[in-house]
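**Q** Quick one, start-v3.txt (compact mmCIF, C-alpha atoms and all ligand atoms):
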# COMPACT_ATOMS: atom_id res chain seq x y z
CA MET A 1 0.00 0.00 0.00
CA THR A 2 1.31 3.44 -0.80
CA SER A 3 1.80 5.80 2.10
CA MET A 4 -1.30 7.75 3.11
CA ARG A 5 -1.83 10.68 5.37
CA ILE A 6 -3.65 9.36 8.41
CA LEU A 7 -5.35 11.49 11.02
CA SER A 8 -7.35 10.76 14.11
CA GLY A 9 -8.31 12.38 17.37
CA ILE A 10 -9.21 10.96 20.74
CA GLN A 11 -11.07 12.84 23.44
CA PRO A 12 -9.49 13.32 26.87
CA THR A 13 -12.59 12.56 28.91
CA GLY A 14 -11.06 10.07 31.36
CA ARG A 15 -8.28 7.52 31.58
CA PHE A 16 -8.05 5.20 28.58
CA HIS A 17 -9.43 1.71 29.03
CA TRP A 18 -8.92 -1.65 27.36
CA GLY A 19 -11.67 -0.85 24.84
CA ASN A 20 -9.87 2.32 23.78
CA TYR A 21 -6.62 0.39 23.40
CA PHE A 22 -7.87 -2.50 21.29
CA GLY A 23 -10.51 -0.43 19.52
CA ALA A 24 -8.39 2.59 18.66
CA ILE A 25 -4.94 3.20 20.12
CA ARG A 26 -3.44 -0.06 18.91
CA GLN A 27 -4.53 0.79 15.36
CA TYR A 28 -3.06 4.29 15.57
CA ILE A 29 0.26 2.81 16.58
CA ALA A 30 0.26 0.22 13.80
CA LEU A 31 -0.59 2.87 11.19
CA GLN A 32 2.31 5.15 12.15
CA GLU A 33 4.76 2.62 10.67
CA GLU A 34 3.94 2.94 6.98
CA ASN A 35 2.15 6.27 6.81
CA GLU A 36 2.40 9.92 7.62
CA ALA A 37 0.27 10.07 10.75
CA TYR A 38 -1.24 12.94 12.72
CA TYR A 39 -2.84 12.15 16.08
CA PHE A 40 -4.28 14.67 18.43
CA ILE A 41 -5.95 14.93 21.80
CA ALA A 42 -9.36 16.44 21.12
CA ASN A 43 -9.66 18.82 24.08
CA LEU A 44 -11.91 21.27 22.19
CA HIS A 45 -14.41 18.49 21.64
CA ALA A 46 -14.06 17.36 25.25
CA LEU A 47 -15.03 20.87 26.33
CA THR A 48 -18.59 20.07 25.24
CA THR A 49 -18.80 17.64 28.19
CA VAL A 50 -15.94 18.29 30.65
CA ARG A 51 -16.55 21.55 32.48
CA GLU A 52 -13.88 21.26 35.16
CA PRO A 53 -10.67 22.99 34.05
CA GLN A 54 -8.36 21.00 36.28
CA ARG A 55 -9.88 17.72 35.15
CA LEU A 56 -9.57 18.68 31.49
CA ARG A 57 -5.94 19.70 31.94
CA GLU A 58 -5.09 16.48 33.74
CA ALA A 59 -6.97 14.30 31.30
CA THR A 60 -5.19 15.95 28.37
CA ARG A 61 -1.81 15.32 29.92
CA ASP A 62 -2.73 11.77 30.89
CA ALA A 63 -3.88 11.10 27.34
CA ALA A 64 -0.48 12.19 26.01
CA LEU A 65 1.35 10.08 28.60
CA ASP A 66 -0.80 7.03 27.85
CA LEU A 67 -0.39 7.29 24.08
CA LEU A 68 3.37 7.72 24.29
CA ALA A 69 3.76 4.92 26.83
CA LEU A 70 1.72 2.59 24.61
CA GLY A 71 4.06 3.12 21.69
CA LEU A 72 3.01 6.21 19.81
CA ASP A 73 6.35 7.35 18.46
CA PRO A 74 6.81 11.11 18.07
CA GLN A 75 9.60 10.44 15.56
CA ARG A 76 7.09 8.76 13.28
CA ALA A 77 3.77 10.40 14.05
CA VAL A 78 2.84 13.99 14.84
CA LEU A 79 1.25 14.06 18.30
CA PHE A 80 -0.39 17.28 19.44
CA VAL A 81 -3.18 18.87 21.42
CA GLN A 82 -6.13 20.10 19.33
CA SER A 83 -6.34 23.56 20.89
CA ASP A 84 -2.67 24.22 20.13
CA VAL A 85 -3.63 24.61 16.46
CA PRO A 86 -5.86 27.72 16.27
CA GLU A 87 -5.90 27.45 12.46
CA VAL A 88 -8.41 24.62 12.84
CA SER A 89 -10.90 26.84 14.66
CA GLU A 90 -10.60 29.41 11.87
CA LEU A 91 -11.15 26.77 9.25
CA CYS A 92 -14.15 25.58 11.25
CA TRP A 93 -15.86 28.91 10.62
CA LEU A 94 -15.37 28.63 6.86
CA LEU A 95 -16.95 25.19 6.93
CA MET A 96 -19.77 26.44 9.13
CA THR A 97 -20.87 28.68 6.26
CA VAL A 98 -21.47 25.64 4.05
CA ALA A 99 -22.99 23.38 6.73
CA PRO A 100 -26.76 22.90 6.30
CA LEU A 101 -28.68 22.91 9.58
CA GLY A 102 -30.61 19.81 8.55
CA LEU A 103 -27.41 17.84 8.18
CA LEU A 104 -26.24 18.75 11.67
CA GLU A 105 -29.68 18.07 13.14
CA ARG A 106 -29.40 14.49 11.94
CA CYS A 107 -26.07 13.89 13.71
CA HIS A 108 -26.48 11.42 16.53
CA ALA A 109 -24.83 13.20 19.48
CA PHE A 110 -27.12 16.21 19.06
CA LYS A 111 -30.16 14.19 18.05
CA GLU A 112 -29.93 11.89 21.06
CA LYS A 113 -29.52 14.73 23.51
CA LYS A 114 -32.49 16.53 22.04
CA ALA A 115 -34.58 13.35 22.04
CA ARG A 116 -33.93 13.01 25.77
CA GLY A 117 -35.25 16.53 26.23
CA LEU A 118 -31.88 17.88 27.36
CA MET A 119 -30.54 21.31 26.53
CA ALA A 120 -27.97 21.21 23.77
CA ASP A 121 -25.54 24.03 23.13
CA ALA A 122 -24.12 25.24 19.83
CA GLY A 123 -20.85 23.46 20.67
CA LEU A 124 -22.55 20.09 20.61
CA PHE A 125 -24.60 21.05 17.55
CA THR A 126 -21.55 22.12 15.54
CA TYR A 127 -19.29 19.38 16.91
CA PRO A 128 -19.18 17.60 13.51
CA VAL A 129 -18.10 20.82 11.77
CA LEU A 130 -15.10 21.20 14.08
CA MET A 131 -14.34 17.57 13.47
CA ALA A 132 -14.46 18.20 9.71
CA ALA A 133 -12.02 21.09 10.16
CA ASP A 134 -9.72 18.79 12.16
CA ILE A 135 -9.59 16.38 9.28
CA LEU A 136 -9.48 18.78 6.32
CA ALA A 137 -6.79 20.98 7.90
CA TYR A 138 -4.20 18.25 7.36
CA ASP A 139 -5.28 17.01 3.92
CA ALA A 140 -5.94 13.67 5.56
CA ASP A 141 -6.66 10.73 3.25
CA LEU A 142 -7.74 8.21 5.86
CA VAL A 143 -9.38 8.62 9.24
CA PRO A 144 -9.32 5.54 11.47
CA VAL A 145 -12.40 5.68 13.68
CA GLY A 146 -14.89 3.51 15.50
CA GLU A 147 -18.36 2.83 14.14
CA ASP A 148 -19.88 5.73 16.12
CA GLN A 149 -17.81 8.28 14.24
CA VAL A 150 -18.52 7.15 10.69
CA GLN A 151 -21.47 9.53 10.41
CA HIS A 152 -19.18 12.43 11.28
CA ILE A 153 -16.77 11.48 8.51
CA GLU A 154 -19.69 11.50 6.09
CA VAL A 155 -20.50 15.05 7.23
CA CYS A 156 -16.88 16.00 6.71
CA ARG A 157 -16.94 14.62 3.17
CA ASP A 158 -20.18 16.51 2.43
CA LEU A 159 -18.81 19.81 3.70
CA ALA A 160 -15.54 19.37 1.80
CA ARG A 161 -17.42 18.62 -1.41
CA SER A 162 -19.72 21.64 -0.97
CA PHE A 163 -16.77 23.93 -0.35
CA ASN A 164 -14.88 22.52 -3.31
CA HIS A 165 -17.96 22.84 -5.49
CA LEU A 166 -18.27 26.53 -4.63
CA PHE A 167 -14.62 27.54 -4.56
CA GLY A 168 -12.52 25.00 -6.47
CA GLU A 169 -10.49 21.99 -5.43
CA VAL A 170 -9.40 23.17 -1.99
CA PHE A 171 -9.88 20.13 0.25
CA THR A 172 -8.75 16.55 0.00
CA ILE A 173 -11.79 14.28 0.41
CA PRO A 174 -10.99 11.85 3.25
CA ARG A 175 -12.21 8.32 3.81
CA ALA A 176 -13.16 6.66 7.09
CA GLN A 177 -11.27 3.53 7.97
CA LEU A 178 -13.41 1.47 10.24
CA MET A 179 -11.17 0.01 12.89
CA GLU A 180 -11.23 -3.73 13.37
CA ARG A 181 -12.87 -4.89 16.56
CA ALA A 182 -14.27 -1.39 17.07
CA ALA A 183 -17.32 -1.53 19.32
CA LYS A 184 -16.41 -5.05 20.42
CA VAL A 185 -14.31 -5.05 23.58
CA PRO A 186 -16.62 -6.12 26.43
CA GLY A 187 -16.56 -4.52 29.87
CA THR A 188 -16.74 -6.07 33.34
CA ASP A 189 -20.48 -6.71 32.92
CA GLY A 190 -20.21 -8.23 29.44
CA GLU A 191 -21.68 -5.15 27.73
CA LYS A 192 -19.52 -2.94 25.50
CA MET A 193 -16.75 -1.43 27.63
CA SER A 194 -17.42 2.30 27.92
CA LYS A 195 -16.88 5.10 30.39
CA SER A 196 -20.58 5.85 30.19
CA TYR A 197 -21.48 2.37 31.45
CA GLY A 198 -19.05 2.34 34.40
CA ASN A 199 -17.73 -1.07 33.32
CA THR A 200 -14.19 -0.15 32.28
CA ILE A 201 -10.79 -1.44 33.23
CA GLU A 202 -8.22 1.23 32.69
CA ILE A 203 -4.97 0.38 30.97
CA PHE A 204 -2.78 1.86 33.67
CA GLU A 205 -4.78 1.05 36.75
CA GLU A 206 -2.64 -0.58 39.44
CA PRO A 207 -2.36 -4.33 38.76
CA ALA A 208 -3.93 -5.09 42.16
CA ALA A 209 -6.96 -2.95 41.27
CA VAL A 210 -7.21 -4.61 37.86
CA ARG A 211 -7.13 -8.06 39.49
CA LYS A 212 -9.88 -7.05 41.85
CA LYS A 213 -12.10 -5.80 39.02
CA VAL A 214 -11.45 -8.91 36.95
CA MET A 215 -12.25 -11.22 39.85
CA ARG A 216 -15.57 -9.41 40.28
CA MET A 217 -16.58 -9.60 36.63
CA THR A 218 -20.02 -11.02 35.99
CA THR A 219 -20.21 -14.62 34.79
CA ASP A 220 -23.08 -16.97 34.16
CA SER A 221 -24.05 -19.56 36.73
CA ARG A 222 -23.81 -22.72 34.64
CA PRO A 223 -22.18 -25.69 36.40
CA MET A 224 -18.44 -26.11 36.03
CA GLU A 225 -18.68 -29.42 34.17
CA GLU A 226 -20.80 -28.06 31.35
CA PRO A 227 -19.00 -27.41 28.02
CA LYS A 228 -19.25 -23.77 26.99
CA ASP A 229 -18.99 -21.78 23.79
CA PRO A 230 -15.87 -19.62 24.16
CA GLU A 231 -16.81 -17.03 21.52
CA SER A 232 -19.92 -15.93 23.38
CA ASP A 233 -18.19 -15.44 26.74
CA HIS A 234 -16.76 -12.02 27.58
CA LEU A 235 -13.95 -13.41 29.78
CA TYR A 236 -12.73 -15.47 26.85
CA GLN A 237 -13.16 -12.55 24.44
CA LEU A 238 -10.96 -10.39 26.64
CA TYR A 239 -8.41 -13.15 27.22
CA ALA A 240 -8.12 -13.67 23.46
CA LEU A 241 -7.10 -10.03 22.98
CA PHE A 242 -4.06 -10.39 25.19
CA VAL A 243 -2.56 -13.72 24.11
CA GLY A 244 -1.08 -15.36 21.04
CA GLU A 245 -2.80 -17.93 18.87
CA GLY A 246 -1.58 -20.99 20.83
CA GLU A 247 -2.83 -19.81 24.20
CA ARG A 248 -6.07 -18.66 22.67
CA GLN A 249 -6.68 -22.11 21.16
CA ALA A 250 -5.83 -23.81 24.45
CA MET A 251 -8.34 -21.64 26.30
CA ALA A 252 -11.01 -22.23 23.63
CA ASP A 253 -10.47 -26.00 23.98
CA LEU A 254 -10.83 -25.72 27.75
CA TYR A 255 -14.19 -23.96 27.31
CA ARG A 256 -15.43 -26.58 24.85
CA ARG A 257 -14.41 -29.44 27.16
CA GLY A 258 -15.97 -27.86 30.24
CA GLY A 259 -14.91 -28.82 33.73
CA PHE A 260 -13.25 -25.53 34.62
CA GLY A 261 -14.09 -22.68 36.98
CA TYR A 262 -14.47 -19.06 35.87
CA GLY A 263 -12.27 -18.12 38.83
CA ASP A 264 -9.27 -19.71 37.11
CA VAL A 265 -10.03 -17.99 33.84
CA LYS A 266 -10.23 -14.68 35.68
CA LYS A 267 -6.87 -15.23 37.34
CA GLN A 268 -5.33 -16.01 33.99
CA LEU A 269 -6.97 -12.99 32.39
CA ALA A 270 -5.61 -10.66 35.08
CA ALA A 271 -2.15 -12.19 34.70
CA VAL A 272 -1.96 -11.91 30.90
CA ALA A 273 -3.29 -8.35 30.98
CA GLU A 274 -0.67 -7.33 33.52
CA GLN A 275 2.04 -8.91 31.44
CA PHE A 276 0.72 -7.35 28.24
CA PHE A 277 0.94 -3.79 29.56
CA ALA A 278 4.01 -4.25 31.81
CA GLU A 279 6.49 -2.59 29.48
CA ALA A 280 4.15 0.30 28.71
CA ARG A 281 3.59 0.76 32.43
CA GLN A 282 7.33 1.16 32.94
CA ARG A 283 7.61 3.58 30.05
CA ARG A 284 4.77 5.62 31.50
CA ALA A 285 6.42 5.85 34.92
CA GLU A 286 9.59 7.02 33.21
CA LEU A 287 7.69 9.70 31.26
CA VAL A 288 6.00 10.90 34.45
CA ARG A 289 9.45 11.37 35.99
CA HIS A 290 10.51 13.41 32.93
CA GLY A 291 7.41 15.49 32.36
CA GLU A 292 9.38 18.09 30.42
CA ARG A 293 9.90 15.53 27.64
CA VAL A 294 6.17 15.24 27.16
CA ASP A 295 5.79 19.04 27.03
CA GLU A 296 8.54 19.15 24.44
CA ILE A 297 6.94 16.42 22.29
CA LEU A 298 3.57 18.18 22.34
CA ALA A 299 5.14 21.55 21.57
CA GLN A 300 7.02 20.12 18.60
CA GLY A 301 3.91 18.30 17.45
CA ALA A 302 1.98 21.57 17.53
CA VAL A 303 4.62 23.34 15.43
CA ARG A 304 4.46 20.65 12.75
CA ALA A 305 0.67 20.51 12.85
CA ARG A 306 0.34 24.30 12.59
CA ARG A 307 2.63 24.41 9.61
CA LYS A 308 0.40 22.02 7.70
CA ALA A 309 -2.91 23.48 8.93
CA GLY A 310 -1.69 27.01 8.13
CA ASP A 311 -1.03 26.04 4.50
CA VAL A 312 -4.47 24.53 4.10
CA LEU A 313 -6.19 27.44 5.84
CA ARG A 314 -4.47 29.97 3.53
CA ARG A 315 -5.50 27.89 0.53
CA ALA A 316 -9.12 27.93 1.71
CA GLN A 317 -9.05 31.65 2.54
CA ARG A 318 -7.68 32.53 -0.89
CA ALA A 319 -10.23 30.34 -2.62
CA CYS A 320 -13.26 31.93 -0.97
CA GLY A 321 -12.08 35.52 -1.22
CA LEU A 322 -10.99 36.21 2.34
CA SER A 323 -7.46 37.01 1.37
CA ILE A 324 -7.18 40.01 -0.95
CA ALA A 325 -3.49 39.48 -1.69
P1 LIG A 401 -16.03 5.64 25.81
O1 LIG A 401 -17.11 4.80 25.18
O2 LIG A 401 -15.43 4.95 26.98
O3 LIG A 401 -16.49 7.05 26.12
P2 LIG A 401 -14.76 6.85 23.55
O4 LIG A 401 -16.09 7.02 22.89
O5 LIG A 401 -14.05 8.06 24.05
O6 LIG A 401 -14.89 5.77 24.72
O7 LIG A 401 -13.84 6.06 22.52
C1 LIG A 401 -12.57 6.46 22.04
C2 LIG A 401 -12.15 5.44 20.99
O8 LIG A 401 -12.07 4.12 21.55
C3 LIG A 401 -13.12 5.35 19.83
O9 LIG A 401 -12.36 5.17 18.64
C4 LIG A 401 -13.93 4.11 20.13
O10 LIG A 401 -14.41 3.48 18.96
C5 LIG A 401 -12.92 3.22 20.86
N1 LIG A 401 -13.63 2.36 21.84
C6 LIG A 401 -14.20 2.76 22.99
N2 LIG A 401 -14.75 1.73 23.66
C7 LIG A 401 -14.53 0.63 22.90
C8 LIG A 401 -14.85 -0.76 23.04
N3 LIG A 401 -15.49 -1.22 24.11
N4 LIG A 401 -14.45 -1.60 22.07
C9 LIG A 401 -13.79 -1.14 20.99
N5 LIG A 401 -13.45 0.13 20.81
C10 LIG A 401 -13.81 1.03 21.72
N1 LIG A 402 -15.18 12.90 17.88
C1 LIG A 402 -14.14 11.91 18.01
C2 LIG A 402 -14.51 10.91 19.13
O1 LIG A 402 -15.25 11.25 20.03
C3 LIG A 402 -12.81 12.55 18.32
C4 LIG A 402 -12.37 13.42 17.19
C5 LIG A 402 -12.37 14.79 17.15
C6 LIG A 402 -11.89 12.96 15.94
N2 LIG A 402 -11.89 15.21 15.96
C7 LIG A 402 -11.60 14.13 15.18
C8 LIG A 402 -11.69 11.71 15.37
C9 LIG A 402 -11.11 14.05 13.87
C10 LIG A 402 -11.22 11.62 14.08
C11 LIG A 402 -10.93 12.79 13.33
O2 LIG A 402 -14.02 9.79 19.12
Translate the structure described by the file into structure tokens.
Ligand code: ADP
Ligand code: TRP

**A**
Amino acid sequence: MTSMRILSGIQPTGRFHWGNYFGAIRQYIALQEENEAYYFIANLHALTTVREPQRLREATRDAALDLLALGLDPQRAVLFVQSDVPEVSELCWLLMTVAPLGLLERCHAFKEKKARGLMADAGLFTYPVLMAADILAYDADLVPVGEDQVQHIEVCRDLARSFNHLFGEVFTIPRAQLMERAAKVPGTDGEKMSKSYGNTIEIFEEPAAVRKKVMRMTTDSRPMEEPKDPESDHLYQLYALFVGEGERQAMADLYRRGGFGYGDVKKQLAAVAEQFFAEARQRRAELVRHGERVDEILAQGAVRARRKAGDVLRRAQRACGLSIA
């Protein structure tokens, strides 16, 4: 495959959990190898829900620490904080002028809030337009996202096409890349792991706390002897994410034979998860000790991101008549 420009953003709304890792972060890291990748921490989007400044600051920093510890390599990918690139907010306005209200009214975040009778602000309503600016500002070709964001990429494509139709070929039309396993990682109750369901296990929780959560995970009450279908059990599904093919097969065989206790599976799950993230945990501790390195990485990321976004913004401004030079 030829090299593409990849871009994605992740919101700093809490500590990252296993679902975020297998559903998103792992893909970001894999894609940095062969492509030009831009990844950012979407703090402007988070502002639509996080209204505590200290929490937002901490979550933004934690997000950077987590991503770097997990293998995001600032030599390969550009890592930055969304609000460090003001060009994107300017571009957002240009896109706002070609964004039909009806299109935004159909977007699920706004629609759901309204359906529940809650007050929505213009930030939530125009959330997809800012997201479009995020993507178009870097001439991104591919946007790796989970299922829930595909609609927003469609909006982005629509806005880019409308702008191009009016003012010439300004924007690169991006494509969504649906991430494998997106929407699949189960939480401690067997439902999709999500902050909103309170069923998460965070990547960098203390191993003792992880063990405790794993040991308390819900299981069914079938007798030990009974053979079980591994694929439909959330403990197995999680275990399979952390181990190689051989161990996965062995566990699947155990399920099919029956005669095992969920307690043992849980112990094994906690052990493989601890092992899986052990190196990243060490890297994270090291980064915490050298906080200035993280500041430096984000500052350099912002410089590179602004350079690119500035070029695209000027192109768009010239095309629509904002620049008289
Ligand atoms: P949460 O549901 O906990 O609020 P986010 O919506 O912030 O998580 O998700 C950030 C990224 O992680 C998205 O790309 C999303 O698709 C992915 N993700 C979140 N939870 C899961 C999960 N349980 N399985 C797979 N991917 C997930
Ligand atoms: N809205 C995305 C989410 O909640 C985060 C995001 C913001 C994003 N801007 C983006 C993702 C641009 C991809 C591209 O997951």

**Q** Have a look at atom CA of Val143 of chain A and atom CA of Leu7 of chain A and let me know their distance in Å, one decimal.

**A**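 Interatomic distance, atom CA of Val143 of chain A to atom CA of Leu7 of chain A: 5.3 Å.
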
**Q** For chain A versus ligand LIG 402 (chain A), which residues have an atom no more than 10 Å away, and what is each residue's nearest atom pair and distance in Å rounded to one decimal, using all atoms listed in the file, chain-then-number order, as CSV?

**A**
residue,atom,partner,partner_atom,distance
A:Ile6,CA,A:LIG402,C11,9.4
A:Leu7,CA,A:LIG402,C11,6.2
A:Ser8,CA,A:LIG402,C10,4.0
A:Gly9,CA,A:LIG402,C6,3.9
A:Ile10,CA,A:LIG402,C3,4.6
A:Gln11,CA,A:LIG402,C3,5.4
A:Pro12,CA,A:LIG402,O1,9.2
A:Thr13,CA,A:LIG402,O1,9.4
A:Asn20,CA,A:LIG402,O2,9.7
A:Ala24,CA,A:LIG402,O2,9.2
A:Tyr38,CA,A:LIG402,C11,9.7
A:Tyr39,CA,A:LIG402,C11,8.6
A:Phe40,CA,A:LIG402,N2,8.0
A:Ile41,CA,A:LIG402,C5,7.9
A:Ala42,CA,A:LIG402,C5,5.2
A:Asn43,CA,A:LIG402,C5,8.5
A:Leu44,CA,A:LIG402,C5,8.2
A:His45,CA,A:LIG402,C5,6.2
A:Ala46,CA,A:LIG402,O1,8.1
A:Gln82,CA,A:LIG402,N2,8.3
A:Ala109,CA,A:LIG402,N1,9.8
A:Tyr127,CA,A:LIG402,N1,7.7
A:Pro128,CA,A:LIG402,N1,7.6
A:Val129,CA,A:LIG402,N2,9.4
A:Leu130,CA,A:LIG402,N2,7.1
A:Met131,CA,A:LIG402,N2,4.2
A:Ala132,CA,A:LIG402,C9,6.8
A:Ala133,CA,A:LIG402,C9,8.0
A:Asp134,CA,A:LIG402,C9,5.2
A:Ile135,CA,A:LIG402,C9,5.4
A:Leu136,CA,A:LIG402,C9,9.1
A:Ala140,CA,A:LIG402,C11,9.3
A:Leu142,CA,A:LIG402,C11,9.3
A:Val143,CA,A:LIG402,C10,6.0
A:Pro144,CA,A:LIG402,C10,6.9
A:Val145,CA,A:LIG402,C10,6.1
A:Gly146,CA,A:LIG402,O2,7.3
A:Glu147,CA,A:LIG402,O2,9.6
A:Asp148,CA,A:LIG402,O2,7.7
A:Gln149,CA,A:LIG402,O2,6.4
A:Val150,CA,A:LIG402,C10,9.2
A:His152,CA,A:LIG402,N1,7.7
A:Ile153,CA,A:LIG402,C11,7.7
A:Cys156,CA,A:LIG402,C9,9.4
A:Ala176,CA,A:LIG402,C10,8.8

**Q** Please compute the atom CA of Thr48 of chain A-atom CA of Thr60 of chain A distance, one decimal, in Å.

**A**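 Separation between atom CA of Thr48 of chain A and atom CA of Thr60 of chain A: 14.4 Å.
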
**Q** Tell me, in Å to one decimal, how far atom C6 of ligand LIG 401 (chain A) is from atom CA of Glu205 of chain A.

**A**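 Those two atoms sit 16.8 Å apart.
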
**Q** For ligand LIG 401 (chain A), which residue out of A:Phe163, A:Tyr197, A:Tyr255, A:Phe260 is the nearest one, using only C-alpha atoms and all ligand atoms?

**A**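 With only C-alpha atoms and all ligand atoms as the atom set, the closest residue is A:Tyr197.
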
**Q** Taking only C-alpha atoms into account, name the residue in A:Glu90, A:Asp295, A:Asp66, A:Glu33 that is nearest to Gln317 of chain A.

**A** A:Glu90

**Q** Residues within 9 Å of Met96 of chain A, please, as a list of chain:residue names. Count only C-alpha atoms; anything in the same chain fewer than 3 positions from it doesn't count.

**A**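 Once the nearby chain positions are removed, what remains is A:Leu91, A:Cys92, A:Trp93, A:Ala99, A:Pro100, A:Thr126, A:Val129, A:Leu130, A:Leu159.
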
**Q** Write a file of the selected residues as a PDB file, in the frame of the given file, keeping C-alpha atoms.

**A**
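Saved as result_37.pdb:
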ATOM      1  CA  LEU A  91     -11.150  26.770   9.250  1.00  0.00           C
ATOM      2  CA  CYS A  92     -14.150  25.580  11.250  1.00  0.00           C
ATOM      3  CA  TRP A  93     -15.860  28.910  10.620  1.00  0.00           C
ATOM      4  CA  ALA A  99     -22.990  23.380   6.730  1.00  0.00           C
ATOM      5  CA  PRO A 100     -26.760  22.900   6.300  1.00  0.00           C
ATOM      6  CA  THR A 126     -21.550  22.120  15.540  1.00  0.00           C
ATOM      7  CA  VAL A 129     -18.100  20.820  11.770  1.00  0.00           C
ATOM      8  CA  LEU A 130     -15.100  21.200  14.080  1.00  0.00           C
ATOM      9  CA  LEU A 159     -18.810  19.810   3.700  1.00  0.00           C
TER      10      LEU A 159
END

**Q** Around ligand LIG 401 (chain A), with edges along x, y and z and 3 Å added on all six sides, what centre and edge lengths do you get, in Å to one decimal, as lines of an AutoDock Vina configuration file?

**A**
center_x = -14.6
center_y = 3.2
center_z = 22.8
size_x = 11.0
size_y = 15.7
size_z = 14.3

**Q** Residues near Val303 of chain A, anyone? I mean within 12 Å using all atoms listed in the file, not counting same-chain ones fewer than 5 positions away, as a ChimeraX atom specification.

**A** /A:78-82,84-87,296-298,308-310

**Q** Nearest to Thr172 of chain A: which of A:Asp141, A:Asp264, A:Asp311, A:Glu274 is it, counting all atoms listed in the file?

**A** A:Asp141

**Q** So, counting all atoms listed in the file, which residue among A:Gly246, A:Gly117, A:Pro174, A:Gly187 is closest to ligand LIG 401 (chain A)?

**A**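 Closest residue, counting all atoms listed in the file: A:Gly187.
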
**Q** Using only C-alpha atoms and all ligand atoms, pick whichever of A:Leu65, A:Ile25, A:Val210, A:Leu101 has the shortest atom-to-atom distance to ligand LIG 401 (chain A).

**A** A:Ile25

**Q** Could you check which of A:Ala240, A:Leu166, A:Met193, A:Ala69 is closest to Leu95 of chain A, using only C-alpha atoms?

**A**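 Closest to Leu95 of chain A, using only C-alpha atoms: A:Leu166.
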
**Q** Dig up all the protein and nucleic acid residues within 12 Å of (-19.3, -4.8, 29.6) in the file frame, using only C-alpha atoms, and format them as a ChimeraX atom specification.

**A** /A:17-19,183-201,213-214,217-219,233-235,237-238

**Q** Quick one: everything within 6 Å of Phe167 of chain A, counting all atoms listed in the file, minus sequence neighbours fewer than 3 positions away in the same chain. Send it as a ChimeraX atom specification.

**A** /A:163-164,319-320

**Q** Considering all atoms listed in the file, return as a tab-separated table (two decimals) with C-alpha atoms, keeping the file's coordinate frame whatever protein or nucleic-acid residues lie within 12 Å of Gly258 of chain A, sequence-local ones (same chain, fewer than 4 positions apart) excluded.

**A**
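Output saved as around-v5.tsv:
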chain	number	residue	atom	x	y	z
A	222	ARG	CA	-23.81	-22.72	34.64
A	223	PRO	CA	-22.18	-25.69	36.40
A	224	MET	CA	-18.44	-26.11	36.03
A	225	GLU	CA	-18.68	-29.42	34.17
A	226	GLU	CA	-20.80	-28.06	31.35
A	227	PRO	CA	-19.00	-27.41	28.02
A	228	LYS	CA	-19.25	-23.77	26.99
A	229	ASP	CA	-18.99	-21.78	23.79
A	230	PRO	CA	-15.87	-19.62	24.16
A	251	MET	CA	-8.34	-21.64	26.30
A	252	ALA	CA	-11.01	-22.23	23.63
A	253	ASP	CA	-10.47	-26.00	23.98
A	254	LEU	CA	-10.83	-25.72	27.75
A	262	TYR	CA	-14.47	-19.06	35.87
